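target_14.txt (compact mmCIF, C-alpha atoms)
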# COMPACT_ATOMS: atom_id res chain seq x y z
CA MET Q 1 -14.80 -16.77 -39.21
CA SER Q 2 -12.62 -13.74 -38.73
CA ALA Q 3 -15.09 -11.83 -36.47
CA PRO Q 4 -14.96 -14.14 -33.41
CA GLY Q 5 -11.21 -14.16 -33.68
CA SER Q 6 -10.92 -10.39 -33.42
CA LEU Q 7 -13.47 -10.26 -30.57
CA GLU Q 8 -11.40 -12.74 -28.63
CA LYS Q 9 -8.31 -10.72 -29.37
CA LEU Q 10 -10.02 -7.56 -28.05
CA ILE Q 11 -11.14 -9.33 -24.88
CA GLU Q 12 -7.65 -10.66 -24.35
CA ALA Q 13 -6.19 -7.22 -25.06
CA LEU Q 14 -8.49 -5.52 -22.53
CA ARG Q 15 -7.12 -7.82 -19.87
CA CYS Q 16 -3.87 -5.88 -19.87
CA LEU Q 17 -5.75 -3.12 -18.02
CA PRO Q 18 -5.08 -3.26 -14.27
CA GLY Q 19 -7.76 -5.08 -12.28
CA VAL Q 20 -9.54 -6.39 -15.37
CA GLY Q 21 -10.17 -10.12 -15.39
CA PRO Q 22 -11.75 -12.29 -18.12
CA LYS Q 23 -15.34 -11.39 -17.21
CA SER Q 24 -14.84 -7.65 -17.01
CA ALA Q 25 -12.88 -7.77 -20.23
CA GLN Q 26 -15.74 -9.54 -21.96
CA ARG Q 27 -18.28 -7.03 -20.62
CA MET Q 28 -16.09 -4.13 -21.71
CA ALA Q 29 -15.66 -5.57 -25.18
CA TYR Q 30 -19.40 -6.10 -25.71
CA HIS Q 31 -20.17 -2.64 -24.36
CA LEU Q 32 -17.67 -0.98 -26.67
CA LEU Q 33 -18.83 -2.87 -29.73
CA GLN Q 34 -22.58 -2.58 -29.14
CA ARG Q 35 -22.98 0.89 -27.66
CA GLU Q 36 -19.74 2.77 -27.73
CA ARG Q 37 -18.30 2.39 -31.16
CA PRO Q 38 -17.34 6.11 -31.36
CA GLY Q 39 -15.76 5.83 -27.93
CA ALA Q 40 -13.88 2.72 -28.96
CA GLU Q 41 -12.58 4.55 -31.98
CA ARG Q 42 -11.41 7.49 -29.89
CA LEU Q 43 -9.74 5.05 -27.53
CA ALA Q 44 -7.91 3.36 -30.35
CA ASP Q 45 -6.77 6.71 -31.71
CA ALA Q 46 -5.71 7.96 -28.29
CA LEU Q 47 -3.71 4.82 -27.66
CA GLY Q 48 -2.02 5.13 -31.00
CA GLU Q 49 -1.21 8.78 -30.50
CA ALA Q 50 0.06 8.29 -26.97
CA LEU Q 51 2.26 5.42 -28.03
CA GLN Q 52 3.68 7.51 -30.78
CA ARG Q 53 4.18 10.77 -28.90
CA ILE Q 54 4.88 9.94 -25.28
CA HIS Q 55 8.30 8.86 -24.17
CA HIS Q 56 10.57 9.35 -21.17
CA CYS Q 57 11.97 12.72 -20.18
CA GLN Q 58 15.72 12.72 -20.79
CA ARG Q 59 16.28 14.27 -17.37
CA CYS Q 60 13.71 12.90 -14.93
CA ASN Q 61 12.55 9.79 -16.80
CA THR Q 62 8.83 10.58 -16.35
CA PHE Q 63 6.38 10.52 -19.25
CA THR Q 64 6.42 13.55 -21.51
CA GLU Q 65 5.83 14.56 -25.10
CA GLU Q 66 8.92 16.76 -25.08
CA GLU Q 67 12.57 15.84 -25.11
CA ILE Q 68 12.80 17.34 -21.61
CA CYS Q 69 9.61 17.79 -19.59
CA ASP Q 70 8.26 21.18 -18.54
CA ARG Q 71 9.25 20.64 -14.92
CA CYS Q 72 12.87 19.81 -15.71
CA ALA Q 73 13.02 22.73 -18.15
CA SER Q 74 11.55 25.20 -15.67
CA SER Q 75 13.82 27.83 -14.17
CA LYS Q 76 11.52 28.15 -11.14
CA ARG Q 77 12.47 24.80 -9.65
CA ASP Q 78 15.33 24.33 -7.23
CA SER Q 79 17.81 22.28 -9.22
CA SER Q 80 19.94 21.56 -6.15
CA LEU Q 81 17.37 19.06 -4.82
CA LEU Q 82 16.67 15.80 -6.61
CA CYS Q 83 13.77 13.70 -5.33
CA VAL Q 84 13.74 10.03 -6.36
CA VAL Q 85 10.29 8.40 -6.62
CA GLU Q 86 9.15 5.05 -7.92
CA MET Q 87 6.34 6.02 -10.31
CA PRO Q 88 4.79 9.11 -11.94
CA VAL Q 89 1.81 8.73 -9.58
CA ASP Q 90 4.21 9.24 -6.64
CA LEU Q 91 5.57 12.36 -8.30
CA ASN Q 92 2.00 13.66 -8.61
CA MET Q 93 1.31 12.96 -4.93
CA MET Q 94 4.46 14.83 -3.93
CA GLU Q 95 3.56 17.78 -6.16
CA GLN Q 96 0.14 17.99 -4.51
CA THR Q 97 1.78 18.64 -1.15
CA HIS Q 98 3.42 21.87 -2.42
CA ALA Q 99 6.17 20.93 0.07
CA PHE Q 100 8.87 20.41 -2.54
CA ASN Q 101 10.08 22.69 -5.27
CA GLY Q 102 13.09 20.72 -6.47
CA LEU Q 103 13.41 18.31 -9.37
CA TYR Q 104 12.59 14.61 -9.63
CA TYR Q 105 13.88 11.37 -10.94
CA VAL Q 106 11.26 8.71 -11.64
CA LEU Q 107 12.61 5.16 -11.40
CA MET Q 108 9.58 3.66 -13.18
CA GLY Q 109 9.70 0.79 -10.75
CA ARG Q 110 11.66 -0.52 -7.81
CA LEU Q 111 14.28 -3.18 -7.20
CA SER Q 112 12.44 -6.48 -7.00
CA PRO Q 113 14.76 -9.46 -7.34
CA LEU Q 114 11.86 -11.92 -7.13
CA ASP Q 115 10.39 -10.36 -10.26
CA GLY Q 116 13.77 -10.24 -11.93
CA ILE Q 117 14.07 -6.45 -11.61
CA GLY Q 118 17.62 -5.56 -10.65
CA PRO Q 119 19.77 -2.44 -11.03
CA LYS Q 120 20.19 -3.08 -14.75
CA GLU Q 121 16.49 -3.45 -15.47
CA LEU Q 122 15.80 -0.21 -13.56
CA LYS Q 123 18.57 1.52 -15.50
CA LEU Q 124 20.01 2.99 -12.33
CA ASP Q 125 23.01 4.15 -14.36
CA ARG Q 126 20.77 6.86 -15.79
CA LEU Q 127 19.94 8.13 -12.30
CA LEU Q 128 23.59 8.11 -11.27
CA GLU Q 129 24.42 10.09 -14.38
CA ARG Q 130 21.59 12.54 -13.64
CA ALA Q 131 22.70 12.95 -10.01
CA ALA Q 132 26.26 13.62 -11.13
CA ASP Q 133 24.98 16.96 -12.49
CA GLN Q 134 27.07 19.55 -10.67
CA GLN Q 135 23.95 21.42 -9.53
CA VAL Q 136 22.58 18.55 -7.42
CA ARG Q 137 23.35 19.16 -3.75
CA GLU Q 138 21.03 16.60 -2.13
CA VAL Q 139 19.26 13.48 -3.36
CA ILE Q 140 16.07 12.76 -1.44
CA MET Q 141 14.82 9.16 -1.47
CA ALA Q 142 11.02 9.18 -1.65
CA THR Q 143 10.47 5.57 -2.62
CA ASN Q 144 7.69 3.79 -0.74
CA PHE Q 145 8.18 2.35 2.74
CA THR Q 146 7.47 -1.15 1.49
CA ASN Q 147 10.24 -3.75 1.67
CA GLU Q 148 11.09 -3.23 -1.98
CA GLY Q 149 10.95 0.56 -1.77
CA GLU Q 150 13.19 0.52 1.31
CA ALA Q 151 15.68 -1.84 -0.34
CA THR Q 152 15.76 0.36 -3.43
CA ALA Q 153 16.38 3.49 -1.35
CA HIS Q 154 19.10 1.75 0.62
CA TYR Q 155 20.86 0.37 -2.45
CA LEU Q 156 20.72 3.71 -4.24
CA SER Q 157 21.91 5.63 -1.20
CA GLU Q 158 25.06 3.52 -1.09
CA LEU Q 159 25.79 4.11 -4.76
CA LEU Q 160 25.21 7.85 -4.35
CA HIS Q 161 27.21 8.08 -1.13
CA ALA Q 162 30.11 6.38 -2.89
CA ARG Q 163 30.00 9.26 -5.39
CA GLY Q 164 30.22 11.78 -2.56
CA LEU Q 165 26.60 12.93 -2.74
CA LYS Q 166 24.44 13.91 0.22
CA VAL Q 167 21.46 11.54 0.42
CA SER Q 168 18.38 11.81 2.64
CA ARG Q 169 15.18 9.85 3.17
CA ILE Q 170 11.69 11.26 3.69
CA ALA Q 171 10.57 10.70 7.28
CA ARG Q 172 8.84 7.72 8.78
CA GLY Q 173 6.46 8.36 11.64
CA LEU Q 174 2.85 8.91 12.54
CA PRO Q 175 0.56 10.28 9.84
CA VAL Q 176 -1.02 13.71 10.26
CA GLY Q 177 -4.03 13.21 12.54
CA GLY Q 178 -2.60 9.88 13.71
CA GLU Q 179 -3.20 8.49 17.18
CA LEU Q 180 -0.82 6.14 18.96
CA GLU Q 181 -3.64 3.83 19.95
CA PHE Q 182 -4.41 2.99 16.33
CA THR Q 183 -0.87 2.90 14.96
CA ASP Q 184 1.23 -0.23 14.47
CA ALA Q 185 4.18 -0.82 16.80
CA GLY Q 186 6.74 -0.64 13.99
CA THR Q 187 5.64 2.85 13.03
CA ILE Q 188 5.60 4.08 16.64
CA ALA Q 189 9.08 2.64 17.13
CA GLN Q 190 10.33 4.53 14.06
CA ALA Q 191 8.66 7.71 15.28
CA MET Q 192 10.53 7.32 18.56
CA TYR Q 193 13.90 6.59 16.92
CA GLU Q 194 13.49 9.48 14.51
CA ARG Q 195 12.15 12.00 17.00
CA ARG Q 196 13.04 15.61 16.32
CA ASP Q 197 14.08 18.38 18.63
CA TYR Q 198 11.27 20.78 19.41
CA MET S 199 -41.87 0.07 43.40
CA SER S 200 -38.19 0.10 44.30
CA ALA S 201 -37.19 -2.64 41.79
CA PRO S 202 -37.92 -0.69 38.56
CA GLY S 203 -36.10 2.27 40.03
CA SER S 204 -32.88 0.32 40.56
CA LEU S 205 -33.14 -1.29 37.11
CA GLU S 206 -33.35 2.12 35.56
CA LYS S 207 -30.40 3.23 37.62
CA LEU S 208 -28.38 0.22 36.42
CA ILE S 209 -29.27 0.93 32.79
CA GLU S 210 -28.33 4.55 33.21
CA ALA S 211 -25.12 3.54 34.99
CA LEU S 212 -24.09 1.15 32.19
CA ARG S 213 -24.29 4.02 29.77
CA CYS S 214 -21.11 5.45 31.23
CA LEU S 215 -19.27 2.64 29.41
CA PRO S 216 -17.76 3.86 26.14
CA GLY S 217 -19.87 3.16 23.08
CA VAL S 218 -22.88 2.01 25.08
CA GLY S 219 -26.14 3.73 24.20
CA PRO S 220 -29.60 3.32 25.77
CA LYS S 221 -30.43 0.11 23.90
CA SER S 222 -27.14 -1.68 24.57
CA ALA S 223 -27.34 -0.61 28.19
CA GLN S 224 -30.82 -2.12 28.51
CA ARG S 225 -29.68 -5.35 26.87
CA MET S 226 -26.65 -5.55 29.15
CA ALA S 227 -28.74 -4.94 32.23
CA TYR S 228 -31.28 -7.65 31.38
CA HIS S 229 -28.49 -10.07 30.51
CA LEU S 230 -26.68 -9.46 33.78
CA LEU S 231 -29.83 -9.77 35.86
CA GLN S 232 -31.32 -12.81 34.12
CA ARG S 233 -28.33 -14.94 33.24
CA GLU S 234 -25.19 -13.50 34.73
CA ARG S 235 -25.92 -12.73 38.35
CA PRO S 236 -22.57 -14.22 39.52
CA GLY S 237 -20.81 -12.23 36.83
CA ALA S 238 -22.61 -9.08 37.84
CA GLU S 239 -21.56 -9.65 41.42
CA ARG S 240 -17.92 -10.12 40.40
CA LEU S 241 -18.16 -6.96 38.32
CA ALA S 242 -19.53 -5.00 41.27
CA ASP S 243 -16.77 -6.33 43.54
CA ALA S 244 -14.07 -5.65 40.96
CA LEU S 245 -15.30 -2.10 40.46
CA GLY S 246 -15.33 -1.51 44.20
CA GLU S 247 -11.87 -2.96 44.68
CA ALA S 248 -10.40 -1.06 41.77
CA LEU S 249 -11.90 2.19 42.95
CA GLN S 250 -10.43 1.62 46.35
CA ARG S 251 -6.97 0.41 45.39
CA ILE S 252 -6.05 2.06 42.14
CA HIS S 253 -4.80 5.58 42.10
CA HIS S 254 -2.24 7.60 40.16
CA CYS S 255 1.48 6.94 40.34
CA GLN S 256 3.18 9.79 42.17
CA ARG S 257 5.82 9.94 39.49
CA CYS S 258 4.26 9.14 36.10
CA ASN S 259 0.58 9.70 36.87
CA THR S 260 -0.50 6.36 35.35
CA PHE S 261 -2.81 3.95 37.20
CA THR S 262 -1.15 1.82 39.85
CA GLU S 263 -1.86 0.13 43.15
CA GLU S 264 1.46 1.30 44.55
CA GLU S 265 2.60 4.72 45.63
CA ILE S 266 5.06 4.64 42.76
CA CYS S 267 4.46 2.21 39.89
CA ASP S 268 6.84 -0.65 39.07
CA ARG S 269 8.13 1.08 35.98
CA CYS S 270 9.05 4.28 37.77
CA ALA S 271 10.60 2.28 40.61
CA SER S 272 12.66 0.10 38.27
CA SER S 273 16.39 0.63 38.12
CA LYS S 274 16.52 -0.83 34.62
CA ARG S 275 14.83 2.14 32.96
CA ASP S 276 16.74 5.12 31.61
CA SER S 277 15.67 7.94 33.91
CA SER S 278 17.25 10.59 31.67
CA LEU S 279 14.41 10.22 29.11
CA LEU S 280 10.86 11.25 29.95
CA CYS S 281 8.18 10.41 27.39
CA VAL S 282 4.90 12.34 27.67
CA VAL S 283 1.77 10.50 26.46
CA GLU S 284 -1.92 11.32 26.67
CA MET S 285 -3.37 8.10 28.09
CA PRO S 286 -2.26 4.79 29.63
CA VAL S 287 -3.27 3.06 26.38
CA ASP S 288 -0.66 5.18 24.56
CA LEU S 289 1.95 4.16 27.12
CA ASN S 290 1.07 0.52 26.44
CA MET S 291 1.42 1.03 22.67
CA MET S 292 4.81 2.61 23.15
CA GLU S 293 5.95 -0.21 25.44
CA GLN S 294 4.94 -2.77 22.81
CA THR S 295 7.43 -1.24 20.38
CA HIS S 296 10.40 -2.04 22.67
CA ALA S 297 11.86 1.13 21.15
CA PHE S 298 11.95 3.10 24.37
CA ASN S 299 13.48 2.27 27.72
CA GLY S 300 13.00 5.57 29.49
CA LEU S 301 10.27 6.72 31.85
CA TYR S 302 6.84 8.16 31.15
CA TYR S 303 4.48 10.86 32.20
CA VAL S 304 0.80 10.21 31.47
CA LEU S 305 -1.26 13.38 31.06
CA MET S 306 -4.57 11.54 31.42
CA GLY S 307 -5.96 13.73 28.70
CA ARG S 308 -5.01 16.59 26.41
CA LEU S 309 -5.59 20.31 26.25
CA SER S 310 -9.08 20.80 24.85
CA PRO S 311 -10.39 24.31 25.42
CA LEU S 312 -13.72 23.48 23.79
CA ASP S 313 -14.30 20.85 26.47
CA GLY S 314 -13.07 23.17 29.19
CA ILE S 315 -9.80 21.27 29.67
CA GLY S 316 -6.98 23.74 30.15
CA PRO S 317 -3.54 23.55 31.79
CA LYS S 318 -5.10 23.60 35.25
CA GLU S 319 -7.51 20.75 34.59
CA LEU S 320 -4.64 18.66 33.17
CA LYS S 321 -2.52 19.52 36.21
CA LEU S 322 0.45 20.36 34.05
CA ASP S 323 2.21 21.69 37.15
CA ARG S 324 2.74 18.10 38.22
CA LEU S 325 4.49 17.31 34.93
CA LEU S 326 6.69 20.40 35.21
CA GLU S 327 7.64 19.34 38.72
CA ARG S 328 8.38 15.82 37.51
CA ALA S 329 10.49 17.10 34.60
CA ALA S 330 12.45 19.33 36.97
CA ASP S 331 13.98 16.12 38.36
CA GLN S 332 17.74 16.59 37.88
CA GLN S 333 18.02 13.25 36.11
CA VAL S 334 15.78 14.20 33.18
CA ARG S 335 17.89 15.11 30.17
CA GLU S 336 15.22 15.06 27.42
CA VAL S 337 11.44 15.25 27.42
CA ILE S 338 9.90 13.46 24.43
CA MET S 339 6.41 14.56 23.38
CA ALA S 340 4.44 11.51 22.26
CA THR S 341 0.97 12.99 22.30
CA ASN S 342 -1.22 12.17 19.32
CA PHE S 343 -0.93 14.02 16.02
CA THR S 344 -4.49 15.27 16.29
CA ASN S 345 -5.11 19.01 16.60
CA GLU S 346 -5.48 18.75 20.36
CA GLY S 347 -2.48 16.48 20.80
CA GLU S 348 -0.34 18.81 18.71
CA ALA S 349 -1.50 21.85 20.63
CA THR S 350 -0.76 20.09 23.91
CA ALA S 351 2.74 19.14 22.77
CA HIS S 352 3.40 22.66 21.55
CA TYR S 353 2.16 24.31 24.73
CA LEU S 354 4.13 21.94 26.94
CA SER S 355 7.28 22.29 24.88
CA GLU S 356 7.24 26.05 25.46
CA LEU S 357 6.83 25.63 29.22
CA LEU S 358 9.64 23.06 29.31
CA HIS S 359 11.93 25.07 27.04
CA ALA S 360 11.46 28.03 29.36
CA ARG S 361 12.84 25.84 32.12
CA GLY S 362 15.92 25.05 30.07
CA LEU S 363 14.93 21.49 29.21
CA LYS S 364 15.62 19.71 25.92
CA VAL S 365 12.30 18.79 24.31
CA SER S 366 11.70 16.59 21.27
CA ARG S 367 8.71 15.28 19.33
CA ILE S 368 8.24 11.78 17.92
CA ALA S 369 8.42 11.85 14.14
CA ARG S 370 5.72 12.47 11.64
CA GLY S 371 5.97 10.72 8.29
CA LEU S 372 4.87 7.70 6.33
CA PRO S 373 3.89 4.61 8.30
CA VAL S 374 5.95 1.43 7.99
CA GLY S 375 4.81 -0.24 4.76
CA GLY S 376 3.27 3.03 3.59
CA GLU S 377 3.04 3.97 -0.08
CA LEU S 378 2.99 7.56 -1.32
CA GLU S 379 0.06 6.83 -3.61
CA PHE S 380 -2.23 6.09 -0.68
CA THR S 381 -0.96 8.69 1.78
CA ASP S 382 -2.55 12.10 2.38
CA ALA S 383 -0.75 15.19 1.13
CA GLY S 384 -0.23 16.62 4.64
CA THR S 385 1.65 13.53 5.76
CA ILE S 386 3.82 13.43 2.63
CA ALA S 387 4.61 17.12 3.11
CA GLN S 388 5.70 16.46 6.71
CA ALA S 389 7.78 13.49 5.58
CA MET S 390 9.53 15.79 3.13
CA TYR S 391 10.11 18.60 5.65
CA GLU S 392 11.38 16.15 8.25
CA ARG S 393 13.53 14.06 5.94
CA ARG S 394 16.63 12.58 7.50
CA ASP S 395 20.12 12.17 6.20
CA TYR S 396 20.85 8.68 4.97
Just give me the structure of the file as structure tokens.
Amino acid sequence: MSAPGSLEKLIEALRCLPGVGPKSAQRMAYHLLQRERPGAERLADALGEALQRIHHCQRCNTFTEEEICDRCASSKRDSSLLCVVEMPVDLNMMEQTHAFNGLYYVLMGRLSPLDGIGPKELKLDRLLERAADQQVREVIMATNFTNEGEATAHYLSELLHARGLKVSRIARGLPVGGELEFTDAGTIAQAMYERRDY
Amino acid sequence: MSAPGSLEKLIEALRCLPGVGPKSAQRMAYHLLQRERPGAERLADALGEALQRIHHCQRCNTFTEEEICDRCASSKRDSSLLCVVEMPVDLNMMEQTHAFNGLYYVLMGRLSPLDGIGPKELKLDRLLERAADQQVREVIMATNFTNEGEATAHYLSELLHARGLKVSRIARGLPVGGELEFTDAGTIAQAMYERRDY
């Protein structure tokens, strides 16, 4: 009776994937076992290898196989600018813009008291230590404009200000291609408050 | 044979309504004639009355029944700020934000060379005259962030600058509640360029 037990364990394990409920997990498990045994094996290996090799960059906290990731080690990046994002996916989005050539710090989350995630859980001390690097001239908050992202940016900006650092926030306003008619009032209000000289 | 002629004219006339094609126009016409004759009469009267009474405000160019609209005539608005929008609907959106207590100028369109709408067709002279009012301290461009809206803002800003006026543009950036992961690269890039000090 060991087989059903391990099937159930696999189904349960698959549920840790985002957006996968009990039914999808079951379907995935059957598919892997019936038709994709080589794929399942590769997946198991890949998971094992990733878990073993990938850890956090000592400088920017993103995922890397090195002690310090390629970006942080690069001499082509502007080390006077430090951009703080919530997750590696946000870092990737920012990189795709080609609008920023500085360095990053990835929080791997956001302050979220309701979920029990405070400054300690986010290890904000590590960011403060990183920002204390003499080369950093400006810390740019690029957390999301959700309530939690805003609170995180605000909290961090106070800590960084207290250490005498210049802190900025990426702009709020209308998206590229945006029309007033189809934009929410809060965003239009921000665009008005934060208007720029022509 | 005069009846079919006027029905066809009505159907054709209804097609001037936005989003109404030949089929909707036919359906509307039959509905009005069969079941909504009092409504159709009220519509005809309302159209006639509106056409007769409503014209453009001498100051802000929006629709009004007065010579000068209530907003322009109000002493409670800050007459040192002049916000330029494309259409009355944009003015309404801006008013809903309660973020602006200045006055407006409604272009009633945007520069669109492909549609044959140039500075003359938009009567930009009237705006320049309005902005020359000694009380105006800053002209805020709140045209849309579409290609045409941007071009209009840019063109106008040069004309106004040449007259020694301070010109600004409402901000581009992430919308309120916006997350980097789901925002286009162009908008994130603008949010980075236009970041503000904390």
Could the residues of chain Q that have an atom at most 7 Å from chain S be listed as JSON lines, each with its closest atom pair and the distance in Å to one decimal, counting only C-alpha atoms and ordered by chain and ascending residue number?
{"residue": "Q:Val89", "atom": "CA", "partner": "S:Glu379", "partner_atom": "CA", "distance": 6.5}
{"residue": "Q:Asp90", "atom": "CA", "partner": "S:Glu379", "partner_atom": "CA", "distance": 5.7}
{"residue": "Q:Met93", "atom": "CA", "partner": "S:Glu379", "partner_atom": "CA", "distance": 6.4}
{"residue": "Q:Met94", "atom": "CA", "partner": "S:Ile386", "partner_atom": "CA", "distance": 6.7}
{"residue": "Q:Gln96", "atom": "CA", "partner": "S:Ala383", "partner_atom": "CA", "distance": 6.4}
{"residue": "Q:Thr97", "atom": "CA", "partner": "S:Ala383", "partner_atom": "CA", "distance": 4.8}
{"residue": "Q:Ala99", "atom": "CA", "partner": "S:Ala387", "partner_atom": "CA", "distance": 5.1}
{"residue": "Q:Asn144", "atom": "CA", "partner": "S:Glu377", "partner_atom": "CA", "distance": 4.7}
{"residue": "Q:Phe145", "atom": "CA", "partner": "S:Gly375", "partner_atom": "CA", "distance": 4.7}
{"residue": "Q:Thr146", "atom": "CA", "partner": "S:Gly375", "partner_atom": "CA", "distance": 4.3}
{"residue": "Q:Ser157", "atom": "CA", "partner": "S:Tyr396", "partner_atom": "CA", "distance": 7.0}
{"residue": "Q:Val167", "atom": "CA", "partner": "S:Tyr396", "partner_atom": "CA", "distance": 5.4}
{"residue": "Q:Ser168", "atom": "CA", "partner": "S:Asp395", "partner_atom": "CA", "distance": 4.0}
{"residue": "Q:Arg169", "atom": "CA", "partner": "S:Arg393", "partner_atom": "CA", "distance": 5.3}
{"residue": "Q:Ile170", "atom": "CA", "partner": "S:Arg393", "partner_atom": "CA", "distance": 4.0}
{"residue": "Q:Ala171", "atom": "CA", "partner": "S:Ala389", "partner_atom": "CA", "distance": 4.3}
{"residue": "Q:Arg172", "atom": "CA", "partner": "S:Gly371", "partner_atom": "CA", "distance": 4.2}
{"residue": "Q:Gly173", "atom": "CA", "partner": "S:Gly371", "partner_atom": "CA", "distance": 4.1}
{"residue": "Q:Leu174", "atom": "CA", "partner": "S:Arg370", "partner_atom": "CA", "distance": 4.7}
{"residue": "Q:Pro175", "atom": "CA", "partner": "S:Thr385", "partner_atom": "CA", "distance": 5.3}
{"residue": "Q:Val176", "atom": "CA", "partner": "S:Thr385", "partner_atom": "CA", "distance": 5.2}
{"residue": "Q:Gly177", "atom": "CA", "partner": "S:Thr344", "partner_atom": "CA", "distance": 4.3}
{"residue": "Q:Gly178", "atom": "CA", "partner": "S:Phe343", "partner_atom": "CA", "distance": 5.0}
{"residue": "Q:Glu179", "atom": "CA", "partner": "S:Asn342", "partner_atom": "CA", "distance": 4.7}
{"residue": "Q:Leu180", "atom": "CA", "partner": "S:Asp288", "partner_atom": "CA", "distance": 5.7}
{"residue": "Q:Glu181", "atom": "CA", "partner": "S:Asp288", "partner_atom": "CA", "distance": 5.7}
{"residue": "Q:Ala185", "atom": "CA", "partner": "S:Thr295", "partner_atom": "CA", "distance": 4.9}
{"residue": "Q:Gly186", "atom": "CA", "partner": "S:Val374", "partner_atom": "CA", "distance": 6.4}
{"residue": "Q:Thr187", "atom": "CA", "partner": "S:Val374", "partner_atom": "CA", "distance": 5.2}
{"residue": "Q:Ile188", "atom": "CA", "partner": "S:Met292", "partner_atom": "CA", "distance": 6.7}
{"residue": "Q:Ala189", "atom": "CA", "partner": "S:Ala297", "partner_atom": "CA", "distance": 5.1}
{"residue": "Q:Ala191", "atom": "CA", "partner": "S:Ala369", "partner_atom": "CA", "distance": 4.3}
{"residue": "Q:Met192", "atom": "CA", "partner": "S:Ile368", "partner_atom": "CA", "distance": 5.1}
{"residue": "Q:Glu194", "atom": "CA", "partner": "S:Ala369", "partner_atom": "CA", "distance": 5.6}
{"residue": "Q:Arg195", "atom": "CA", "partner": "S:Ile368", "partner_atom": "CA", "distance": 4.0}
{"residue": "Q:Arg196", "atom": "CA", "partner": "S:Ser366", "partner_atom": "CA", "distance": 5.2}
{"residue": "Q:Asp197", "atom": "CA", "partner": "S:Ser366", "partner_atom": "CA", "distance": 4.0}
{"residue": "Q:Tyr198", "atom": "CA", "partner": "S:Ser366", "partner_atom": "CA", "distance": 4.6}
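Across the structure, CA of Ala13 in chain Q and CA of Lys120 in chain Q are spaced 28.6 Å apart.
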Find the residues around range 266-271 of chain S up to 10 Å (all atoms listed in the file counted), leave out those fewer than 2 positions away in its own chain, and share them as a list in words.
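Returned residues: His253, His254, Cys255, Gln256, Arg257, Cys258, Asn259, Thr260, Phe261, Thr262, Glu263, Glu264, Ser273, Lys274, Arg275, Asp276, Ser277, Asn299, Gly300, Leu301, Tyr302 and Tyr303 of chain S.
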Could you turn the residues from that selection into a file that holds C-alpha atoms, as a PDB file, keeping the file's coordinate frame?
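Heads up, here's the output in result.pdb:
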ATOM      1  CA  HIS S 253      -4.800   5.580  42.100  1.00  0.00           C
ATOM      2  CA  HIS S 254      -2.240   7.600  40.160  1.00  0.00           C
ATOM      3  CA  CYS S 255       1.480   6.940  40.340  1.00  0.00           C
ATOM      4  CA  GLN S 256       3.180   9.790  42.170  1.00  0.00           C
ATOM      5  CA  ARG S 257       5.820   9.940  39.490  1.00  0.00           C
ATOM      6  CA  CYS S 258       4.260   9.140  36.100  1.00  0.00           C
ATOM      7  CA  ASN S 259       0.580   9.700  36.870  1.00  0.00           C
ATOM      8  CA  THR S 260      -0.500   6.360  35.350  1.00  0.00           C
ATOM      9  CA  PHE S 261      -2.810   3.950  37.200  1.00  0.00           C
ATOM     10  CA  THR S 262      -1.150   1.820  39.850  1.00  0.00           C
ATOM     11  CA  GLU S 263      -1.860   0.130  43.150  1.00  0.00           C
ATOM     12  CA  GLU S 264       1.460   1.300  44.550  1.00  0.00           C
ATOM     13  CA  SER S 273      16.390   0.630  38.120  1.00  0.00           C
ATOM     14  CA  LYS S 274      16.520  -0.830  34.620  1.00  0.00           C
ATOM     15  CA  ARG S 275      14.830   2.140  32.960  1.00  0.00           C
ATOM     16  CA  ASP S 276      16.740   5.120  31.610  1.00  0.00           C
ATOM     17  CA  SER S 277      15.670   7.940  33.910  1.00  0.00           C
ATOM     18  CA  ASN S 299      13.480   2.270  27.720  1.00  0.00           C
ATOM     19  CA  GLY S 300      13.000   5.570  29.490  1.00  0.00           C
ATOM     20  CA  LEU S 301      10.270   6.720  31.850  1.00  0.00           C
ATOM     21  CA  TYR S 302       6.840   8.160  31.150  1.00  0.00           C
ATOM     22  CA  TYR S 303       4.480  10.860  32.200  1.00  0.00           C
TER      23      TYR S 303
END
Would you compute the distance between CA of Asp115 in chain Q and CA of Leu128 in chain Q? Give it in Å to one decimal.
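Between CA of Asp115 in chain Q and CA of Leu128 in chain Q the gap is 22.7 Å.
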Expressed in Å to a single decimal, how great is the separation between CA of Val282 in chain S and CA of Val334 in chain S?
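Answer for the CA of Val282 in chain S to CA of Val334 in chain S separation: 12.3 Å.
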